[in-house]
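Okay, structure.cif now, which holds mmCIF, C-alpha atoms (C1' of nucleotides):
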```
data_upload
#
loop_
_atom_site.label_atom_id
_atom_site.label_comp_id
_atom_site.auth_asym_id
_atom_site.auth_seq_id
_atom_site.Cartn_x
_atom_site.Cartn_y
_atom_site.Cartn_z
CA MET H 1 15.63 -81.70 41.32
CA ARG H 2 19.05 -81.88 39.64
CA LYS H 3 20.04 -85.49 40.16
CA GLY H 4 16.64 -86.62 38.99
CA ASP H 5 17.12 -84.90 35.67
CA ALA H 6 20.45 -86.59 35.07
CA THR H 7 18.92 -89.98 35.81
CA ARG H 8 16.04 -89.17 33.50
CA VAL H 9 18.43 -88.55 30.63
CA ARG H 10 20.30 -91.77 31.38
CA ILE H 11 17.01 -93.63 31.26
CA LEU H 12 15.95 -92.00 28.01
CA ASP H 13 19.26 -92.70 26.30
CA GLU H 14 19.11 -96.35 27.22
CA ALA H 15 15.42 -96.48 26.32
CA THR H 16 16.20 -95.02 22.92
CA ARG H 17 18.68 -97.81 22.32
CA GLN H 18 16.21 -100.49 23.34
CA VAL H 19 13.44 -98.94 21.27
CA ALA H 20 15.71 -98.93 18.22
CA GLN H 21 16.43 -102.59 18.73
CA ARG H 22 13.12 -104.06 19.83
CA GLY H 23 10.46 -101.44 19.18
CA LEU H 24 8.34 -99.29 21.43
CA ILE H 25 6.03 -101.99 22.74
CA ALA H 26 8.69 -104.61 23.22
CA ALA H 27 11.05 -102.34 25.18
CA SER H 28 10.09 -103.33 28.70
CA LEU H 29 10.46 -101.35 31.88
CA GLY H 30 12.06 -104.31 33.60
CA ASP H 31 14.93 -104.71 31.18
CA LEU H 32 15.31 -100.97 30.99
CA ALA H 33 15.57 -100.64 34.77
CA GLU H 34 18.18 -103.38 34.94
CA ALA H 35 20.25 -101.79 32.16
CA VAL H 36 20.17 -98.41 33.86
CA GLY H 37 20.85 -99.90 37.29
CA LEU H 38 17.59 -98.95 38.95
CA SER H 39 14.68 -100.82 40.37
CA LYS H 40 11.61 -100.97 38.18
CA SER H 41 9.60 -98.74 40.48
CA GLY H 42 12.48 -96.33 40.89
CA LEU H 43 12.64 -95.93 37.15
CA PHE H 44 8.91 -95.63 36.84
CA LYS H 45 8.82 -92.64 39.15
CA HIS H 46 10.40 -90.51 36.46
CA PHE H 47 7.40 -90.86 34.19
CA GLU H 48 3.66 -90.74 34.64
CA SER H 49 3.12 -93.83 32.51
CA LYS H 50 4.79 -95.93 29.88
CA GLU H 51 3.23 -93.82 27.15
CA ALA H 52 4.65 -90.67 28.72
CA MET H 53 8.06 -92.29 28.64
CA GLN H 54 7.57 -93.34 25.04
CA LEU H 55 6.76 -89.77 24.15
CA ALA H 56 9.93 -88.61 25.88
CA VAL H 57 11.89 -91.25 23.98
CA ILE H 58 10.58 -89.94 20.67
CA GLU H 59 11.65 -86.40 21.54
CA ARG H 60 15.03 -87.60 22.77
CA ALA H 61 15.72 -89.68 19.68
CA GLN H 62 15.03 -86.70 17.43
CA GLU H 63 17.23 -84.57 19.65
CA GLN H 64 20.08 -87.05 19.26
CA PHE H 65 19.62 -87.14 15.51
CA THR H 66 19.66 -83.38 15.22
CA GLU H 67 22.72 -83.18 17.41
CA TYR H 68 24.58 -85.72 15.30
CA VAL H 69 23.54 -84.72 11.80
CA TRP H 70 22.63 -81.05 11.95
CA ARG H 71 24.95 -79.53 14.52
CA PRO H 72 28.24 -80.19 12.67
CA VAL H 73 26.98 -78.68 9.41
CA GLN H 74 25.14 -75.58 10.55
CA ASP H 75 28.03 -73.25 9.88
CA LEU H 76 28.55 -74.43 6.29
CA PRO H 77 27.28 -72.34 3.39
CA HIS H 78 23.71 -72.97 2.30
CA GLY H 79 22.88 -75.11 -0.66
CA ARG H 80 25.06 -77.82 -2.12
CA PRO H 81 27.96 -77.81 0.39
CA ARG H 82 25.62 -78.10 3.33
CA LEU H 83 23.44 -80.72 1.64
CA GLN H 84 26.45 -82.86 0.86
CA ALA H 85 27.66 -82.64 4.44
CA ILE H 86 24.22 -83.49 5.80
CA PHE H 87 23.96 -86.49 3.54
CA ASP H 88 27.35 -87.85 4.57
CA ARG H 89 26.66 -87.19 8.19
CA TRP H 90 23.32 -88.98 7.87
CA LEU H 91 25.08 -91.98 6.33
CA ASP H 92 27.42 -91.95 9.32
CA TRP H 93 24.44 -91.85 11.64
CA THR H 94 23.05 -94.98 10.03
CA GLU H 95 26.33 -96.85 9.67
CA THR H 96 28.12 -95.88 12.85
CA GLU H 97 25.88 -94.36 15.46
CA CYS H 98 23.07 -96.84 14.81
CA ALA H 99 25.29 -99.79 13.93
CA ALA H 100 24.64 -101.80 17.06
CA HIS H 101 20.95 -101.31 17.70
CA GLY H 102 19.44 -99.72 14.61
CA CYS H 103 18.07 -96.27 14.01
CA PRO H 104 15.43 -95.40 16.62
CA ILE H 105 13.66 -93.00 14.28
CA MET H 106 13.28 -95.58 11.57
CA ALA H 107 12.02 -98.13 14.07
CA LEU H 108 9.51 -95.58 15.32
CA SER H 109 8.44 -94.70 11.79
CA VAL H 110 7.50 -98.24 10.87
CA GLU H 111 5.91 -98.98 14.22
CA LEU H 112 3.80 -95.83 14.44
CA ASP H 113 2.86 -95.24 10.82
CA ASP H 114 -0.50 -96.93 11.21
CA GLN H 115 -1.12 -96.07 14.84
CA PRO H 116 -2.71 -92.62 15.28
CA GLY H 117 -2.19 -90.82 18.54
CA PRO H 118 0.12 -88.42 20.33
CA LEU H 119 3.16 -90.61 19.72
CA ARG H 120 2.79 -90.58 15.98
CA ASP H 121 1.96 -86.89 16.06
CA ALA H 122 5.21 -86.11 17.86
CA LEU H 123 7.21 -88.13 15.36
CA GLN H 124 5.47 -86.54 12.38
CA ARG H 125 6.03 -83.06 13.76
CA GLY H 126 9.75 -83.56 14.08
CA MET H 127 10.09 -85.14 10.66
CA GLU H 128 8.05 -82.43 9.01
CA ARG H 129 10.26 -79.73 10.53
CA TRP H 130 13.34 -81.53 9.30
CA ARG H 131 11.79 -81.87 5.85
CA ARG H 132 11.14 -78.13 5.64
CA THR H 133 14.74 -77.47 6.64
CA LEU H 134 16.09 -79.70 3.89
CA MET H 135 13.73 -78.26 1.30
CA ARG H 136 15.04 -74.80 2.09
CA GLU H 137 18.56 -76.04 1.47
CA PHE H 138 17.56 -77.37 -1.92
CA GLN H 139 15.89 -74.10 -2.77
CA ALA H 140 19.08 -72.26 -1.83
CA MET H 141 20.95 -74.15 -4.53
CA ARG H 142 19.65 -71.77 -7.18
CA GLN H 143 19.31 -68.06 -7.71
CA PRO H 144 16.41 -67.38 -7.90
CA PRO H 145 15.44 -70.23 -5.55
CA MET H 146 13.86 -73.28 -7.14
CA ALA H 147 10.11 -73.75 -6.92
CA GLU H 148 8.69 -75.39 -3.80
CA ALA H 149 7.37 -78.33 -5.80
CA GLU H 150 10.80 -79.03 -7.24
CA ALA H 151 12.39 -78.82 -3.81
CA ALA H 152 9.80 -81.25 -2.51
CA ALA H 153 10.66 -83.66 -5.30
CA ALA H 154 14.36 -83.32 -4.54
CA TYR H 155 13.74 -83.93 -0.85
CA PHE H 156 11.70 -87.02 -1.68
CA GLN H 157 14.60 -88.50 -3.60
CA MET H 158 17.18 -87.58 -1.00
CA LYS H 159 15.16 -89.20 1.77
CA SER H 160 14.53 -92.21 -0.45
CA TYR H 161 18.23 -92.80 -1.02
CA LEU H 162 18.85 -92.64 2.71
CA LEU H 163 16.14 -95.20 3.35
CA GLY H 164 17.52 -97.35 0.59
CA HIS H 165 20.99 -97.07 2.07
CA SER H 166 19.77 -98.15 5.46
CA GLU H 167 18.05 -101.23 4.14
CA ALA H 168 20.91 -102.21 1.85
CA LYS H 169 23.52 -101.74 4.54
CA ARG H 170 21.77 -102.97 7.67
CA LEU H 171 19.46 -105.70 6.45
CA MET H 172 21.19 -106.93 3.32
CA GLY H 173 24.74 -106.29 4.47
CA ASP H 174 25.60 -104.70 1.15
CA PRO H 175 29.18 -103.33 1.33
CA ASP H 176 28.43 -101.01 -1.61
CA ALA H 177 25.44 -99.41 0.08
CA ARG H 178 27.21 -96.20 0.93
CA ARG H 179 28.73 -95.85 -2.50
CA SER H 180 25.38 -96.48 -4.19
CA ALA H 181 23.65 -93.90 -2.03
CA ARG H 182 26.31 -91.25 -2.55
CA ALA H 183 26.37 -91.79 -6.30
CA ALA H 184 22.61 -91.46 -6.54
CA PHE H 185 22.60 -88.37 -4.34
CA HIS H 186 25.35 -86.59 -6.25
CA ALA H 187 23.50 -87.23 -9.48
CA LEU H 188 20.45 -85.70 -7.82
CA LEU H 189 22.45 -82.63 -6.81
CA ASP H 190 23.74 -82.29 -10.37
CA ARG H 191 20.20 -82.53 -11.71
CA SER H 192 19.03 -79.96 -9.17
CA GLU H 193 21.71 -77.43 -9.92
CA GLY H 194 20.72 -74.62 -12.28
CA MET N 1 -4.63 -133.81 6.89
CA ARG N 2 -6.53 -131.46 4.57
CA LYS N 3 -8.55 -129.37 7.00
CA GLY N 4 -5.44 -128.75 9.06
CA ASP N 5 -3.65 -127.20 6.11
CA ALA N 6 -6.53 -124.82 5.42
CA THR N 7 -6.54 -123.72 9.05
CA ARG N 8 -2.80 -123.26 8.93
CA VAL N 9 -3.13 -120.86 6.02
CA ARG N 10 -5.90 -118.94 7.82
CA ILE N 11 -3.63 -118.62 10.83
CA LEU N 12 -0.68 -117.47 8.77
CA ASP N 13 -2.71 -114.88 6.88
CA GLU N 14 -4.02 -113.40 10.09
CA ALA N 15 -0.58 -113.63 11.67
CA THR N 16 0.90 -111.76 8.72
CA ARG N 17 -1.58 -108.94 9.29
CA GLN N 18 -0.78 -108.74 13.00
CA VAL N 19 2.95 -108.87 12.36
CA ALA N 20 2.63 -106.00 9.91
CA GLN N 21 0.81 -103.96 12.50
CA ARG N 22 2.60 -104.79 15.73
CA GLY N 23 5.78 -106.59 14.83
CA LEU N 24 6.96 -110.16 15.27
CA ILE N 25 7.48 -110.12 19.02
CA ALA N 26 4.35 -108.17 19.85
CA ALA N 27 2.03 -110.36 17.77
CA SER N 28 0.75 -112.66 20.50
CA LEU N 29 -0.66 -116.15 20.18
CA GLY N 30 -3.63 -115.20 22.33
CA ASP N 31 -4.86 -112.39 20.12
CA LEU N 32 -4.07 -114.44 17.06
CA ALA N 33 -6.11 -117.38 18.31
CA GLU N 34 -9.07 -115.16 19.08
CA ALA N 35 -8.92 -113.48 15.66
CA VAL N 36 -8.83 -116.84 13.89
CA GLY N 37 -11.51 -118.31 16.16
CA LEU N 38 -9.43 -120.98 17.80
CA SER N 39 -8.26 -121.70 21.30
CA LYS N 40 -4.70 -120.79 22.06
CA SER N 41 -3.60 -124.40 22.36
CA GLY N 42 -5.55 -125.43 19.28
CA LEU N 43 -3.69 -122.84 17.29
CA PHE N 44 -0.39 -123.79 18.85
CA LYS N 45 -0.66 -127.37 17.62
CA HIS N 46 -0.04 -126.19 14.07
CA PHE N 47 3.50 -125.09 14.92
CA GLU N 48 6.36 -126.47 16.91
CA SER N 49 7.05 -123.15 18.58
CA LYS N 50 6.47 -119.47 18.17
CA GLU N 51 9.68 -119.11 16.22
CA ALA N 52 8.57 -121.82 13.81
CA MET N 53 5.39 -119.87 13.25
CA GLN N 54 7.34 -116.66 12.75
CA LEU N 55 9.41 -118.38 10.11
CA ALA N 56 6.25 -119.54 8.38
CA VAL N 57 4.89 -115.99 8.54
CA ILE N 58 7.99 -114.67 6.81
CA GLU N 59 7.61 -117.18 4.00
CA ARG N 60 3.89 -116.47 3.71
CA ALA N 61 4.33 -112.71 3.59
CA GLN N 62 6.81 -113.01 0.75
CA GLU N 63 4.45 -115.41 -1.01
CA GLN N 64 1.66 -112.84 -0.74
CA PHE N 65 3.89 -110.10 -2.06
CA THR N 66 5.00 -112.14 -5.03
CA GLU N 67 1.42 -113.12 -5.77
CA TYR N 68 0.28 -109.51 -5.68
CA VAL N 69 3.16 -107.75 -7.43
CA TRP N 70 4.80 -110.33 -9.65
CA ARG N 71 1.98 -112.57 -10.86
CA PRO N 72 0.03 -109.92 -12.82
CA VAL N 73 3.09 -108.73 -14.73
CA GLN N 74 4.87 -111.92 -15.62
CA ASP N 75 3.42 -112.08 -19.11
CA LEU N 76 4.47 -108.55 -20.01
CA PRO N 77 7.53 -107.96 -22.21
CA HIS N 78 10.84 -107.72 -20.39
CA GLY N 79 12.47 -104.40 -19.66
CA ARG N 80 10.69 -101.08 -19.35
CA PRO N 81 7.06 -102.23 -19.73
CA ARG N 82 7.42 -104.87 -17.08
CA LEU N 83 9.38 -102.60 -14.75
CA GLN N 84 6.73 -99.91 -14.99
CA ALA N 85 3.99 -102.42 -14.23
CA ILE N 86 5.93 -103.82 -11.28
CA PHE N 87 6.49 -100.38 -9.85
CA ASP N 88 2.82 -99.42 -10.10
CA ARG N 89 1.75 -102.73 -8.70
CA TRP N 90 4.19 -102.28 -5.83
CA LEU N 91 2.74 -98.85 -5.11
CA ASP N 92 -0.70 -100.48 -5.03
CA TRP N 93 0.61 -103.08 -2.62
CA THR N 94 1.74 -100.33 -0.27
CA GLU N 95 -1.26 -98.05 -0.66
CA THR N 96 -4.07 -100.57 -0.93
CA GLU N 97 -3.14 -104.04 0.19
CA CYS N 98 -1.16 -102.77 3.18
CA ALA N 99 -3.32 -99.74 3.88
CA ALA N 100 -4.88 -101.03 7.06
CA HIS N 101 -2.05 -102.78 8.83
CA GLY N 102 1.17 -101.82 7.08
CA CYS N 103 3.52 -103.83 4.93
CA PRO N 104 4.61 -107.03 6.72
CA ILE N 105 7.87 -107.20 4.81
CA MET N 106 8.87 -103.68 5.77
CA ALA N 107 7.98 -104.34 9.39
CA LEU N 108 10.07 -107.50 9.29
CA SER N 109 12.98 -105.68 7.65
CA VAL N 110 13.26 -103.09 10.40
CA GLU N 111 12.69 -105.58 13.18
CA LEU N 112 15.14 -108.20 11.97
CA ASP N 113 17.90 -106.12 10.45
CA ASP N 114 20.02 -106.26 13.59
CA GLN N 115 18.94 -109.66 14.81
CA PRO N 116 20.92 -112.49 13.24
CA GLY N 117 19.33 -115.91 13.01
CA PRO N 118 17.15 -118.09 10.81
CA LEU N 119 14.39 -115.50 10.66
CA ARG N 120 16.59 -112.80 9.21
CA ASP N 121 18.21 -115.33 6.89
CA ALA N 122 14.84 -116.30 5.46
CA LEU N 123 13.93 -112.67 4.88
CA GLN N 124 17.28 -111.87 3.29
CA ARG N 125 17.04 -114.86 1.00
CA GLY N 126 13.68 -113.80 -0.37
CA MET N 127 14.70 -110.18 -0.84
CA GLU N 128 17.92 -111.14 -2.55
CA ARG N 129 16.05 -113.33 -5.01
CA TRP N 130 13.65 -110.49 -5.75
CA ARG N 131 16.56 -108.12 -6.22
CA ARG N 132 18.21 -110.40 -8.79
CA THR N 133 14.91 -110.61 -10.64
CA LEU N 134 14.58 -106.84 -10.84
CA MET N 135 18.20 -106.39 -11.85
CA ARG N 136 17.64 -108.74 -14.76
CA GLU N 137 14.71 -106.59 -15.87
CA PHE N 138 16.89 -103.50 -15.84
CA GLN N 139 19.56 -105.29 -17.82
CA ALA N 140 16.93 -106.27 -20.38
CA MET N 141 16.25 -102.59 -21.07
CA ARG N 142 19.26 -102.38 -23.35
CA GLN N 143 20.80 -104.32 -26.19
CA PRO N 144 23.46 -105.36 -25.32
CA PRO N 145 22.33 -105.65 -21.68
CA MET N 146 23.61 -103.04 -19.27
CA ALA N 147 26.47 -103.91 -16.95
CA GLU N 148 25.65 -105.61 -13.68
CA ALA N 149 26.97 -102.68 -11.66
CA GLU N 150 24.69 -100.28 -13.48
CA ALA N 151 21.72 -102.57 -12.97
CA ALA N 152 22.57 -102.74 -9.29
CA ALA N 153 22.62 -98.95 -9.11
CA ALA N 154 19.27 -98.75 -10.89
CA TYR N 155 17.78 -101.33 -8.54
CA PHE N 156 19.07 -99.37 -5.57
CA GLN N 157 17.27 -96.26 -6.73
CA MET N 158 14.06 -98.08 -7.58
CA LYS N 159 13.93 -99.71 -4.19
CA SER N 160 14.75 -96.39 -2.56
CA TYR N 161 11.83 -94.64 -4.22
CA LEU N 162 9.50 -97.36 -3.05
CA LEU N 163 10.75 -97.01 0.51
CA GLY N 164 10.41 -93.25 0.24
CA HIS N 165 6.89 -93.62 -1.07
CA SER N 166 5.91 -95.84 1.81
CA GLU N 167 7.18 -93.43 4.41
CA ALA N 168 5.72 -90.37 2.72
CA LYS N 169 2.33 -91.99 2.21
CA ARG N 170 1.88 -94.04 5.35
CA LEU N 171 3.69 -92.07 8.04
CA MET N 172 3.51 -88.52 6.74
CA GLY N 173 0.16 -88.85 4.98
CA ASP N 174 1.55 -87.09 1.92
CA PRO N 175 -1.13 -87.12 -0.82
CA ASP N 176 1.57 -86.53 -3.45
CA ALA N 177 3.61 -89.54 -2.41
CA ARG N 178 2.57 -91.68 -5.34
CA ARG N 179 3.13 -88.90 -7.84
CA SER N 180 6.58 -88.14 -6.42
CA ALA N 181 7.60 -91.78 -6.55
CA ARG N 182 6.35 -92.30 -10.09
CA ALA N 183 8.05 -89.15 -11.33
CA ALA N 184 11.36 -90.16 -9.80
CA PHE N 185 11.06 -93.67 -11.17
CA HIS N 186 10.23 -92.60 -14.68
CA ALA N 187 13.20 -90.28 -14.68
CA LEU N 188 15.29 -93.26 -13.59
CA LEU N 189 13.94 -95.35 -16.46
CA ASP N 190 14.75 -92.54 -18.89
CA ARG N 191 18.27 -92.33 -17.52
CA SER N 192 18.65 -96.10 -17.75
CA GLU N 193 17.46 -96.37 -21.34
CA GLY N 194 20.15 -96.63 -23.98
"C1'" DC A 1 -19.64 -148.12 9.19
"C1'" DT A 2 -15.74 -148.21 11.89
"C1'" DC A 3 -11.81 -146.90 14.00
"C1'" DG A 4 -7.37 -144.69 14.33
"C1'" DA A 5 -5.52 -140.36 13.72
"C1'" DA A 6 -5.81 -135.53 13.28
"C1'" DA A 7 -7.87 -131.16 15.05
"C1'" DG A 8 -9.01 -128.67 18.65
"C1'" DA A 9 -10.64 -127.45 23.70
"C1'" DG A 10 -9.67 -126.62 28.43
"C1'" DC A 11 -6.68 -125.94 32.05
"C1'" DA A 12 -2.60 -124.91 34.40
"C1'" DC A 13 2.41 -123.65 34.78
"C1'" DG A 14 6.13 -120.21 35.58
"C1'" DA A 15 7.63 -115.91 33.83
"C1'" DT A 16 7.04 -111.32 32.79
"C1'" DC A 17 4.24 -107.39 31.71
"C1'" DG A 18 2.76 -102.27 33.27
"C1'" DG A 19 1.60 -100.23 37.42
"C1'" DT A 20 0.70 -99.16 42.78
"C1'" DC A 21 1.88 -98.45 47.50
"C1'" DA A 22 4.27 -97.99 51.73
"C1'" DC A 23 8.68 -97.35 53.15
"C1'" DT A 24 13.79 -95.97 53.39
"C1'" DT A 25 17.64 -93.25 51.84
"C1'" DA A 26 19.78 -89.30 49.72
"C1'" DT A 27 19.68 -84.51 48.38
"C1'" DT A 28 18.60 -79.82 48.64
"C1'" DG A 29 17.09 -75.06 50.04
"C1'" DT A 30 17.32 -72.28 53.84
"C1'" DA U 1 22.41 -78.44 60.48
"C1'" DC U 2 18.01 -79.54 59.88
"C1'" DA U 3 13.62 -80.18 58.14
"C1'" DA U 4 11.33 -80.84 53.68
"C1'" DT U 5 11.35 -83.02 49.66
"C1'" DA U 6 13.08 -85.74 45.99
"C1'" DA U 7 15.05 -90.27 44.62
"C1'" DG U 8 14.95 -94.89 44.96
"C1'" DT U 9 13.60 -99.80 47.09
"C1'" DG U 10 10.90 -104.04 47.61
"C1'" DA U 11 6.80 -106.47 47.84
"C1'" DC U 12 2.87 -107.11 45.40
"C1'" DC U 13 -1.32 -106.76 42.04
"C1'" DG U 14 -4.04 -108.63 38.04
"C1'" DA U 15 -3.27 -109.57 33.33
"C1'" DT U 16 -1.02 -111.79 29.71
"C1'" DC U 17 2.88 -114.07 27.74
"C1'" DG U 18 4.59 -118.83 25.44
"C1'" DT U 19 4.15 -123.54 26.29
"C1'" DG U 20 3.07 -127.91 28.14
"C1'" DC U 21 -0.64 -131.56 29.45
"C1'" DT U 22 -4.86 -134.30 29.13
"C1'" DC U 23 -9.18 -134.84 27.23
"C1'" DT U 24 -12.88 -134.55 23.66
"C1'" DT U 25 -14.57 -133.90 19.04
"C1'" DT U 26 -14.20 -134.44 14.20
"C1'" DC U 27 -12.54 -136.27 10.04
"C1'" DG U 28 -11.10 -139.43 6.49
"C1'" DA U 29 -9.22 -144.00 4.86
"C1'" DG U 30 -10.35 -148.78 4.69
#
```
Could I get this structure in the form of structure tokens?
Amino acid sequence: MRKGDATRVRILDEATRQVAQRGLIAASLGDLAEAVGLSKSGLFKHFESKEAMQLAVIERAQEQFTEYVWRPVQDLPHGRPRLQAIFDRWLDWTETECAAHGCPIMALSVELDDQPGPLRDALQRGMERWRRTLMREFQAMRQPPMAEAEAAAAYFQMKSYLLGHSEAKRLMGDPDARRSARAAFHALLDRSEG
Amino acid sequence: MRKGDATRVRILDEATRQVAQRGLIAASLGDLAEAVGLSKSGLFKHFESKEAMQLAVIERAQEQFTEYVWRPVQDLPHGRPRLQAIFDRWLDWTETECAAHGCPIMALSVELDDQPGPLRDALQRGMERWRRTLMREFQAMRQPPMAEAEAAAAYFQMKSYLLGHSEAKRLMGDPDARRSARAAFHALLDRSEG
DNA sequence: CTCGAAAGAGCACGATCGGTCACTTATTGT
DNA sequence: ACAATAAGTGACCGATCGTGCTCTTTCGAG
């Protein structure tokens, strides 16, 4: 039961890459098996169905994101220092980690946003948790903490700048994308500070 | 030669819907033919290949967007009034026009952003033109016109809010998405005004 | 009205899709 | 070390993919 788990992770990591590049539907078991170095049926034995694998991919992608963006900042002080570090780390995620194949979470977002079901639910759950986390960081910028509505507005803008950065950088090839995003975000932090 | 053109438009409109929902690769000629009421080969005669059709879909989607967002505002005064109208119209595009199947342009953006070739080029071209148009509107907010770099920064934020709105509304089902986006955008306009 | 051309139907192709099954090989607990 | 079980293989299924081909229907210019 131990070797199987290692293989399963290898499959999911490769699947995450292919999903980021081609989307959930277009990522085929055949290509995936070849990339991992397994036969199609050998790979398939690790999952009950393709949808089960897709679900696992969604969880894995969010795990990777958390590992990359959240882990390095979780010892920083709450509020502005942590928010700045998260933002920069998120930019790195988009520009470096996802440079070759795209961001799996963004690919999933666009693909699943009009497709109800357990897959979308899993994605929404993870993103909602992450949103609550970031809102708490905004609230911690002030003493007493800012109102929930204001934190929600701040989160909306932060997330927007990150989406804007991704499009500008990845699709449009804008070399100033990172600078634009950071400038906008720092202005937001200034506005949010008491 | 006239009936063929009408059919071609019917095909492209339906194809645009399917591309918005499932993506370029996953939108199949079989389903498309059935939805339009043609045989697969009858439909195929209107295009040299699937890629040629995909290219036509990209052009058509941008045409639809321009028609919906730009046309109704082009008689308004330059600067703030027109920008406000564009933003609201764009929100309508996302919330109403694309409610059922998603925004084709956003689907194309995510799918093509790491896939060089004529398809991505066509998409980039259209979006760059639209960006220049919006930047000119920002510049027209001031006398003398604001610097190009500042207009670029303003455009970046505007586009970001629209992306944020789409994700909040469509994926997360946030009922406040429109309000959040409008509030952020109006604050941006205030900041941008001389 | 006629006739050539355009529009479309029907069929078939090789490839690939997700998925199953019987079988062999490798790993693990005892 | 040995039996039990997990991991992985290969052949195969029906369905569907994009794309040709030939044939029929429909249209529009003269």
Ground truth for the PyMOL selection byres ((chain N) within 12 of (chain A)), written as JSON, numbers by chain: {"N": [1, 2, 3, 4, 5, 6, 7, 8, 26, 33, 37, 38, 39, 40, 41, 42, 43, 44, 45, 46]}
Keeping C-alpha atoms for every residue in the selection just given, could you write it to a file as a compact mmCIF listing (two decimals), keeping the file's coordinate frame?
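Wrote it out as selection.txt, contents follow:
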```txt
# COMPACT_ATOMS: atom_id res chain seq x y z
CA MET N 1 -4.63 -133.81 6.89
CA ARG N 2 -6.53 -131.46 4.57
CA LYS N 3 -8.55 -129.37 7.00
CA GLY N 4 -5.44 -128.75 9.06
CA ASP N 5 -3.65 -127.20 6.11
CA ALA N 6 -6.53 -124.82 5.42
CA THR N 7 -6.54 -123.72 9.05
CA ARG N 8 -2.80 -123.26 8.93
CA ALA N 26 4.35 -108.17 19.85
CA ALA N 33 -6.11 -117.38 18.31
CA GLY N 37 -11.51 -118.31 16.16
CA LEU N 38 -9.43 -120.98 17.80
CA SER N 39 -8.26 -121.70 21.30
CA LYS N 40 -4.70 -120.79 22.06
CA SER N 41 -3.60 -124.40 22.36
CA GLY N 42 -5.55 -125.43 19.28
CA LEU N 43 -3.69 -122.84 17.29
CA PHE N 44 -0.39 -123.79 18.85
CA LYS N 45 -0.66 -127.37 17.62
CA HIS N 46 -0.04 -126.19 14.07
```
Resolved residues for the PyMOL selection byres ((chain N and resi 123) around 12) as number ranges by chain: H: 171-172; N: 54-63, 104-113, 115-122, 124-130
Coordinates-based distance that separates atom CA of H:Ala15 from atom C1' of U:DA6 (Å, one decimal):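 About the pair atom C1' of U:DA6 and atom CA of H:Ala15: they are 22.5 Å apart.
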Atom CA of H:Gln84 to atom CA of H:Arg132, distance in Å rounded to a single decimal: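 Interatomic distance, atom CA of H:Gln84 to atom CA of H:Arg132: 16.7 Å.
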d(atom CA of N:Arg136, atom CA of N:Lys159) in Å: 14.4 Å
Interface list for chain N, partner chain U, 8 Å threshold, only C-alpha atoms (C1' of nucleotides), as an MDAnalysis selection string: chainID N and resid 28:29 50
Point (17.3, -96.8, -11.4), cut-off 8 Å, counting only C-alpha atoms (C1' of nucleotides), residues as a ChimeraX atom specification: /N:151,153-158,185,188-189,191-192
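Checking N:Leu12, N:Ile86, N:Leu24, N:Ala147 one by one against chain H, counting all atoms listed in the file, you find the shortest gap at N:Leu24.
Distances to chain H were evaluated for N:Ile11, N:Val36, N:Ala85, N:Ala149 using all atoms listed in the file, and the minimum falls at N:Ala149.
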Closest of N:Asp174, N:Glu193, N:Asp88, N:Glu51 to chain H - atom-to-atom distances counting all atoms listed in the file: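 Nearest candidate to chain H out of N:Asp174, N:Glu193, N:Asp88, N:Glu51: N:Asp174.
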Result set, the PyMOL selection byres ((chain N and resi 168) around 10) on current file, as a PyMOL selection string: (chain H and resi 113+156+159-160) or (chain N and resi 162-167+169-178+180-181)
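Remark: for chain N, the closest of the candidate residues H:Trp70, H:Phe65, H:Phe47, H:Tyr161 is H:Tyr161 (distances computed over all atoms listed in the file).
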Output stretch 46-54 of chain H as a compact mmCIF listing (two decimals), in the frame of the given file, making sure N, CA and C atoms are there.
```
# COMPACT_ATOMS: atom_id res chain seq x y z
N HIS H 46 10.01 -91.64 37.30
CA HIS H 46 10.40 -90.51 36.46
C HIS H 46 9.38 -90.20 35.37
N PHE H 47 8.39 -91.06 35.24
CA PHE H 47 7.40 -90.86 34.19
C PHE H 47 6.01 -91.18 34.73
N GLU H 48 5.03 -90.51 34.19
CA GLU H 48 3.66 -90.74 34.64
C GLU H 48 3.15 -92.11 34.22
N SER H 49 3.57 -92.54 33.04
CA SER H 49 3.12 -93.83 32.51
C SER H 49 4.12 -94.28 31.45
N LYS H 50 3.89 -95.47 30.93
CA LYS H 50 4.79 -95.93 29.88
C LYS H 50 4.65 -95.07 28.63
N GLU H 51 3.42 -94.65 28.34
CA GLU H 51 3.23 -93.82 27.15
C GLU H 51 3.95 -92.48 27.29
N ALA H 52 3.93 -91.93 28.50
CA ALA H 52 4.65 -90.67 28.72
C ALA H 52 6.15 -90.87 28.46
N MET H 53 6.66 -92.01 28.89
CA MET H 53 8.06 -92.29 28.64
C MET H 53 8.32 -92.47 27.15
N GLN H 54 7.41 -93.16 26.48
CA GLN H 54 7.57 -93.34 25.04
C GLN H 54 7.62 -92.01 24.32
```
